[in-house]
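For reference, the structure is listed below as structure tokens.
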Amino acid sequence: MASSRVPDNLPAYNPNKSTLAFGDRALPKIRRELSSGDVEVIQQALLLLNDLLHKPENITSAVREGLVNSLSLLLISDDSVIKYRSGSCLQLIAEHALGRQAFLKLNIINSLSRLFVDPEPLVRLHSHLAVEMCGRTKEGVQGLLDNGLIPILVERFISEQQIELKVASLESLHWCLMADPVPGLECRAIERLQPSLTAEVADVKWRIARCLYDLTVPHSGKRTACDCGLVKDLVPLLADDHHLVKTHAASVLMSIAVITEGKYALLNEEGLDKLVSLLADTTPAVRLNAVKALTLLAEAPSGKEKLMKSLNEVTELEGDSDDVIAKAAATAKKTITWLP
Amino acid sequence: MATGTVTRNPESAGAYSYSSQPRTVHQQQKYREVDTVRPCNIMYDKRVVRGNTYALHTLPASSQPNPLELQKQQETRRRVLAHKRAREQMRIHSPPPVEGRKHIDVQTELYLEEITDRVEEVDVHTQTDAFLDRPPTPLFIPAKTGMDVATQIEEGDLFNFDLEVQPILEVLVGKTVEQALLEVMEEEELAALREQQRIFEGNRNAELIETQRLEEQERRRREEKERRMQQQREALMKEKETAEKVAARAFAHSYLSDLVPAVFTNLSNKGFFYDPIQRNIETTLMPWLTSEAQKILDKKLTARYLLDTIIRRAVKRNLGIITPVPTPKDEEEPPATEEEPPSTVEGEQPPSTGEGEQPPPPTGEGAEDKPSGEEDKPSADKDKPTEVETPAGEGEKPAEEGGDKPVSTEEGGEGDKPAEEGDKPAEEGDKPTEEGDKPTEEGDKPAAEDKPAEGEKPAEDKPAEEGEKPIEEGDKPADVPAELDGEKSTNLEGEGEGAPVEGKVKATP
């Protein structure tokens with residue numbers, strides 16, 4: 001049996017991955033490797049770590065082991081593979097509350113946001129995803145806002161070419177704007193996002209609409225939206241094929257219609273008929289937003305007059321399976337039939 | 001294996017022509033003695049660095065040579081060249097060739113040698129044999145040692161791969177699948193969370209807008225309410241204004257209707273429409289008239305005082321000679337006379353302030369009265385000087401004084417008759433107090449008598465020269481000037497005020 005020949009059927013062996021130490025020793029070993037300074041070793045360790053971090057238990061030990069700090073130091077590496085792999089590791093860590101706390105403590109968001117302008121798209125994507133994960137909690141959003149990410153994200157969205165990256169930057173932007181739309185209004189986000197509303201694919205469009213909704217929540221945002229003719233761009237989106245586009249376009253219109261100028265702008269653009277047609281949509285969110293928007297339009301005399309004709313549709317909606325919608329429809333009906 | 005052949009081409013000799021006869025080449029030895037390396041003095045060896053190593057000429061650090069340095073080098077080189085040329089010229093040359101001939105180089109060495117440019121050469125060729133295919137390496141078979149022993153192993157006896165591999169494979173596949181599942185589940189969870197969050201957000205947004213709608217509604221209603229209130233307020237204000245205007249108009253009407261007559265009556269009442277002649281008399285003539293009259297009267301008064309003094313002095317002189325027997329009747333008289341003038345003066349004083357003309361006559365009267373009274377008195381004194389100094393006189397006066405003034409009684413207690421005289425001065429001295437009392441009795445004098453407190457001094461000074469005489473003199477001068485002063489001042493004031501007061505009264509309306 002003894003043979004000097006190397007057997008052909010060797011067990012599967014991935015040369016890109018470093019070997020995993022047993023049990024508790026795995027993460028310290030990885031940490032050592034990460035700080036070794038050898039590019040190849042670091043890459044191997046990162047690939048292994050990437051697999052390990054999918055297991056929630058490992059997150060805790062990784063944070064305790066100080067891996068977050070090691071990874072953040074790798075973000076300024078010259079090697080793009082290291083950068084994006086550490087970015088994706090951080091993304092996995094950010095999915096857990098413990099990881100996010102560590103992020104805020106070490107101000108990883110700042111290091112990650114520096115990678116937004118990295119020449120390598122993959123690096124940018126992972127940094128965006130990691131930042132976006134942070135934005136999902138209140139503390140995380142505060143961290144994003146503290147780093148002044150809103151203008152940067154708007155800038156990134158405008159300059160990015162890849163859909164994936166646009167989506168990622170819009171996701172982060174949404175969380176930031178939901179928490180505090182004022183910096184967005186200050187950097188004229190509405191005006192800058194508006195052109196993309198008609199130019200982009202559905203995936204981007206609905207996210208833009210969502211961001212625009214966040215921006216129009218404060219009064220000044222609504223006024224700005226009216227001033228720059230956002231209604232004109234949004235009304236055609238109500239007839240979009242994608243249900244999310246419809247939902248969010250309706251939500252922006254609903255938000256704008258709160259103020260009187262918005263109501264009349266919407267009525268002038270004949271948004272009312274389109275909204276009425278949305279009442280029979282299959283997606284509940286679309287129906288809800290449409291009925292809310294109509295409620296707002298009913299407060300304008302001319303809108304009320306027009307809505308009196310389509311009162312039937314509203315009344316039908318009162319028997320909707322979703323009680324939120326039913327309630328909204330009842331309110332709408334009350335508003336339409338209200339007499340001073 | 002490789003065979004090297006040296007060809008000398010003897011066959012091809014015909015094809016070439018030679019300038020010299022071919023000959024064998026002197027076979028040089030391959031190894032030569034190294035005689036070229038002579039032992040040399042290192043002092044002259046160029047490779048040995050002499051002097052300071054810092055000045056050693058080394059390659060410049062920068063690839064770009066310093067232009068300055070370069071220039072310097074060139075210059076040195078040029079200089080050396082020039083030097084060399086100069087030396088060349090300086091050297092002694094063989095004389096120039098004769099015409100038609102020229103110098104040629106000749107060998108002067110011991111042995112003649114062929115001189116040629118052509119380097120001696122030898123052609124050498126080598127040709128390797130063509131390669132043959134290498135025969136395969138024979139399988140290495142170690143030399144056989146020991147004895148051959150064989151064991152028969154059937155298939156599956158020792159190692160069943162499928163069986164052995166199963167647990168490992170299971171672990172591997174299991175781990176992989178676990179990892180994969182973990183990742184898929186994670187992604188799904190995230191997606192579900194996102195969806196959930198999105199739906200929740202949608203509802204939240206809708207509710208937020210509902211809130212904003214209600215806020216907006218509330219704002220509109222409030223504004224409307226405020227507008228209405230404002231309108232109402234404005235209407236009320238206008239109404240009020242109108243009412244006020246109407247009232248004001250009515251009032252103005254009624255007020256203006258009798259304004260003109262009222263003004264005229266008021267002005268005429270206040271004396272704006274006066275008779276210029278009457279006014280002139282009132283303001284200019286009358287004051288002048290009174291002051292003139294006053295002057296005359298003053299003169300008269302002075303003359304009378306003078307007379308009084310003279311008379312009194314005469315009486316005093318005669319006082320020691322005659323011892324008077326006083327009668328109460330006489331006593332009563334002088335006071336009456338004395339009292340009269342002041343009373344009249346006082347009685348007429350108040351009117352003096354009102355009317356400028358009246359005061360002088362009363363003073364005149366008072367003055368006339370007084371002197372008359374005085375004349376009476378001195379006369380009475382002359383006639384019966386006892387009147388003044390009799391105990392009866394004392395009896396009366398002390399009665400008054402005793403009641404009012406203990407001082408005078410004490411003085412009275414001091415003495416005898418001369419002391420009685422001394423009493424008088426004492427009375428004089430006490431006059432202020434007495435006078436202070438008198439008003440209570442007489443009731444008329446107060447203003448006139450109070451003032452003399454100041455006016456007294458001049459009165460006292462005069463009599464002081466004459467010793468104790470001026471008993472009644474002291475009285476008079478003290479009284480009269482004071483009265484006069486009072487009158488004068490009051491008159492003057494009255495006059496001064498009279499006109500202005502009128503003016504004021506007129507002006508005020």
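By convention here, the chains of the structure tokens are called A, B, ... in the order presented, each chain's residues are numbered starting at 1, and ligands are numbered starting at 1 in the order presented.
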
List the neighbours of Thr283 of chain A out to 10 Å using only C-alpha atoms; skip same-chain residues closer than 4 positions along the sequence, and give me the result as a tab-separated table (two decimals) with C-alpha atoms, in the first residue's frame.
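File produced: part13.tsv:
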```tsv
chain	number	residue	atom	x	y	z
A	243	HIS	CA	-46.63	47.97	-5.78
A	244	LEU	CA	-43.94	49.46	-3.53
A	246	LYS	CA	-47.21	53.00	-5.76
A	247	THR	CA	-47.30	52.69	-1.99
A	278	LEU	CA	-55.82	52.98	-6.26
A	279	LEU	CA	-58.59	52.31	-3.74
A	287	ARG	CA	-55.09	51.25	-0.35
A	288	LEU	CA	-54.29	52.67	3.04
```

- request: Write out as a PyMOL selection string which residues come within 10 Å of Leu74 of chain A when counting only C-alpha atoms, dropping same-chain ones fewer than 2 positions away.
  value: chain A and resi 34-35+37+42+68-72+76-79+82-87+111

Selection from above, all heavy atoms, as a short mmCIF file (atom, residue, chain, number, x, y, z; two decimals), in the first residue's frame, can you write it?
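Result saved to again27.cif:
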```
data_model
loop_
_atom_site.label_atom_id
_atom_site.label_comp_id
_atom_site.auth_asym_id
_atom_site.auth_seq_id
_atom_site.Cartn_x
_atom_site.Cartn_y
_atom_site.Cartn_z
N LEU A 34 -5.30 38.34 12.37
CA LEU A 34 -5.72 39.62 11.80
C LEU A 34 -4.69 40.71 12.06
O LEU A 34 -4.52 41.63 11.27
CB LEU A 34 -7.07 40.06 12.37
CG LEU A 34 -8.29 39.29 11.90
CD1 LEU A 34 -9.55 39.89 12.52
CD2 LEU A 34 -8.42 39.31 10.40
N SER A 35 -4.04 40.59 13.21
CA SER A 35 -3.05 41.63 13.53
C SER A 35 -1.63 41.20 13.11
O SER A 35 -0.66 41.85 13.51
CB SER A 35 -3.11 41.96 15.02
OG SER A 35 -3.08 40.77 15.75
N GLY A 37 -0.34 41.27 10.10
CA GLY A 37 0.26 42.18 9.13
C GLY A 37 0.54 41.51 7.79
O GLY A 37 0.83 42.19 6.81
N ILE A 42 -4.12 37.47 6.71
CA ILE A 42 -5.31 38.26 7.09
C ILE A 42 -6.49 37.88 6.22
O ILE A 42 -7.61 37.69 6.70
CB ILE A 42 -5.01 39.76 6.97
CG1 ILE A 42 -3.96 40.17 7.99
CG2 ILE A 42 -6.27 40.58 7.20
CD1 ILE A 42 -3.48 41.58 7.85
N VAL A 68 -13.85 43.64 16.84
CA VAL A 68 -14.41 44.81 16.15
C VAL A 68 -13.31 45.84 15.91
O VAL A 68 -13.18 46.42 14.84
CB VAL A 68 -15.56 45.41 16.98
CG1 VAL A 68 -16.12 46.63 16.31
CG2 VAL A 68 -16.66 44.39 17.18
N ASN A 69 -12.52 46.01 16.95
CA ASN A 69 -11.43 46.98 16.83
C ASN A 69 -10.42 46.53 15.77
O ASN A 69 -9.99 47.33 14.93
CB ASN A 69 -10.76 47.12 18.18
CG ASN A 69 -9.93 48.38 18.25
OD1 ASN A 69 -10.18 49.31 17.48
ND2 ASN A 69 -8.94 48.39 19.10
N SER A 70 -10.07 45.24 15.80
CA SER A 70 -9.12 44.72 14.81
C SER A 70 -9.66 44.92 13.40
O SER A 70 -8.93 45.35 12.50
CB SER A 70 -8.89 43.23 15.03
OG SER A 70 -8.64 42.97 16.38
N LEU A 71 -10.96 44.67 13.24
CA LEU A 71 -11.56 44.81 11.91
C LEU A 71 -11.56 46.25 11.47
O LEU A 71 -11.31 46.57 10.30
CB LEU A 71 -12.99 44.25 11.93
CG LEU A 71 -13.10 42.74 12.01
CD1 LEU A 71 -14.54 42.34 12.24
CD2 LEU A 71 -12.58 42.10 10.73
N SER A 72 -11.84 47.15 12.42
CA SER A 72 -11.88 48.56 12.05
C SER A 72 -10.50 49.05 11.61
O SER A 72 -10.38 49.90 10.75
CB SER A 72 -12.40 49.40 13.20
OG SER A 72 -11.38 49.56 14.15
N ILE A 76 -8.64 50.45 6.99
CA ILE A 76 -7.77 51.42 6.34
C ILE A 76 -6.60 50.73 5.63
O ILE A 76 -5.61 51.36 5.27
CB ILE A 76 -7.25 52.46 7.35
CG1 ILE A 76 -6.70 51.76 8.58
CG2 ILE A 76 -8.35 53.41 7.76
CD1 ILE A 76 -5.98 52.67 9.53
N SER A 77 -6.77 49.44 5.44
CA SER A 77 -5.72 48.69 4.75
C SER A 77 -5.65 49.09 3.27
O SER A 77 -6.57 49.71 2.74
CB SER A 77 -6.02 47.20 4.91
OG SER A 77 -5.48 46.48 3.86
N ASP A 78 -4.55 48.71 2.63
CA ASP A 78 -4.41 49.05 1.21
C ASP A 78 -5.06 48.00 0.33
O ASP A 78 -5.44 48.26 -0.81
CB ASP A 78 -2.92 49.12 0.83
CG ASP A 78 -2.25 50.26 1.57
OD1 ASP A 78 -2.95 51.25 1.83
OD2 ASP A 78 -1.06 50.14 1.89
N ASP A 79 -5.19 46.81 0.87
CA ASP A 79 -5.71 45.71 0.08
C ASP A 79 -7.23 45.77 0.05
O ASP A 79 -7.88 45.79 1.11
CB ASP A 79 -5.23 44.39 0.72
CG ASP A 79 -5.52 43.24 -0.19
OD1 ASP A 79 -4.94 43.21 -1.29
OD2 ASP A 79 -6.34 42.39 0.18
N ILE A 82 -9.12 42.75 1.69
CA ILE A 82 -9.18 42.86 3.15
C ILE A 82 -10.27 43.84 3.54
O ILE A 82 -11.07 43.59 4.44
CB ILE A 82 -7.82 43.31 3.71
CG1 ILE A 82 -6.80 42.21 3.55
CG2 ILE A 82 -7.94 43.71 5.16
CD1 ILE A 82 -5.43 42.56 4.04
N LYS A 83 -10.33 44.93 2.82
CA LYS A 83 -11.30 45.97 3.17
C LYS A 83 -12.72 45.45 3.05
O LYS A 83 -13.53 45.62 3.96
CB LYS A 83 -11.10 47.19 2.26
CG LYS A 83 -10.00 48.10 2.77
CD LYS A 83 -10.02 49.44 2.11
CE LYS A 83 -9.30 49.38 0.78
NZ LYS A 83 -9.11 50.70 0.19
N TYR A 84 -13.02 44.80 1.89
CA TYR A 84 -14.42 44.41 1.76
C TYR A 84 -14.78 43.24 2.63
O TYR A 84 -15.90 43.13 3.13
CB TYR A 84 -14.80 44.24 0.28
CG TYR A 84 -14.66 42.86 -0.31
CD1 TYR A 84 -15.59 41.87 -0.03
CD2 TYR A 84 -13.63 42.57 -1.19
CE1 TYR A 84 -15.47 40.62 -0.60
CE2 TYR A 84 -13.51 41.33 -1.76
CZ TYR A 84 -14.44 40.34 -1.45
OH TYR A 84 -14.33 39.12 -2.01
N ARG A 85 -13.77 42.35 2.87
CA ARG A 85 -14.08 41.21 3.75
C ARG A 85 -14.29 41.69 5.19
O ARG A 85 -15.21 41.24 5.87
CB ARG A 85 -12.95 40.20 3.71
CG ARG A 85 -12.97 39.35 2.45
CD ARG A 85 -12.73 37.89 2.77
NE ARG A 85 -12.59 37.11 1.54
CZ ARG A 85 -13.60 36.76 0.78
NH1 ARG A 85 -14.84 37.11 1.11
NH2 ARG A 85 -13.42 36.07 -0.32
N SER A 86 -13.47 42.63 5.63
CA SER A 86 -13.68 43.13 7.00
C SER A 86 -14.99 43.91 7.05
O SER A 86 -15.69 43.88 8.06
CB SER A 86 -12.51 43.98 7.47
OG SER A 86 -12.08 44.84 6.47
N GLY A 87 -15.32 44.59 5.95
CA GLY A 87 -16.61 45.28 5.88
C GLY A 87 -17.76 44.32 6.04
O GLY A 87 -18.70 44.58 6.80
N SER A 111 -15.26 55.21 10.49
CA SER A 111 -14.29 54.52 9.62
C SER A 111 -15.00 53.95 8.40
O SER A 111 -14.47 53.99 7.28
CB SER A 111 -13.64 53.38 10.39
OG SER A 111 -13.44 53.72 11.71
#
```

Using only C-alpha atoms, which residues of segment 94-187 of chain A come within 10 Å of segment 207-227 of chain A, and what is the closest atom pair for each, with the distance in Å to one decimal? Give it as CSV, sorted by chain and residue number.
```
residue,atom,partner,partner_atom,distance
A:Phe157,CA,A:Ile208,CA,9.9
A:Lys166,CA,A:Arg207,CA,9.4
A:Val167,CA,A:Arg207,CA,7.2
A:Ala168,CA,A:Arg207,CA,9.7
A:Ser169,CA,A:Arg207,CA,9.8
A:Leu170,CA,A:Arg207,CA,6.2
A:Glu171,CA,A:Arg207,CA,7.1
A:Ser172,CA,A:Cys211,CA,9.8
A:Leu173,CA,A:Cys211,CA,7.0
A:His174,CA,A:Cys211,CA,5.1
A:Trp175,CA,A:Cys211,CA,8.6
A:Cys176,CA,A:Asp214,CA,9.1
A:Leu177,CA,A:Asp214,CA,5.7
A:Met178,CA,A:Asp214,CA,5.3
A:Ala179,CA,A:Asp214,CA,8.6
A:Asp180,CA,A:Asp214,CA,8.5
A:Pro181,CA,A:Leu215,CA,5.3
A:Val182,CA,A:Leu215,CA,7.8
A:Pro183,CA,A:Leu215,CA,9.6
A:Gly184,CA,A:Leu215,CA,6.9
A:Leu185,CA,A:Gly221,CA,6.6
A:Glu186,CA,A:Gly221,CA,9.8
```

query: Which of these, A:Thr295, A:Leu149, A:Ala130, A:Trp206, has the shortest distance to chain B once you count only C-alpha atoms?
result: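 Ranked by minimum distance to chain B, first place goes to A:Thr295.
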
task: Provide as a count of residues only the residues of chain B at most 9 Å from chain A, counting only C-alpha atoms.
output: 18

query: Rounded to one decimal in Å, what is the spacing between atom CA of Phe264 of chain B and atom CA of Ala250 of chain B?
result: 22.7 Å

- request: Taking the chain letters and numbering used in this document, name the residues of segment 48-287 of chain A that DSSP puts in helix (DSSP H, G or I), as a PyMOL selection string.
  value: chain A and resi 48-52+56-64+67-74+80-94+97-106+108-117+121-134+138-146+149-159+163-179+182-186+189-193+196-199+202-216+219-227+230-239+243-256+260-268+271-278+284-287

- request: May I have the residues within 10 Å of segment 273-279 of chain B as a ChimeraX atom specification, using only C-alpha atoms and disregarding those fewer than 5 positions away in the same chain?
  value: /B:264,267-268,284-285,499

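For the set A:Lys327, A:Ala102, A:Ile93, A:Ser88, the residue with the smallest atom-to-atom gap to Leu122 of chain A is A:Ser88, counting only C-alpha atoms.
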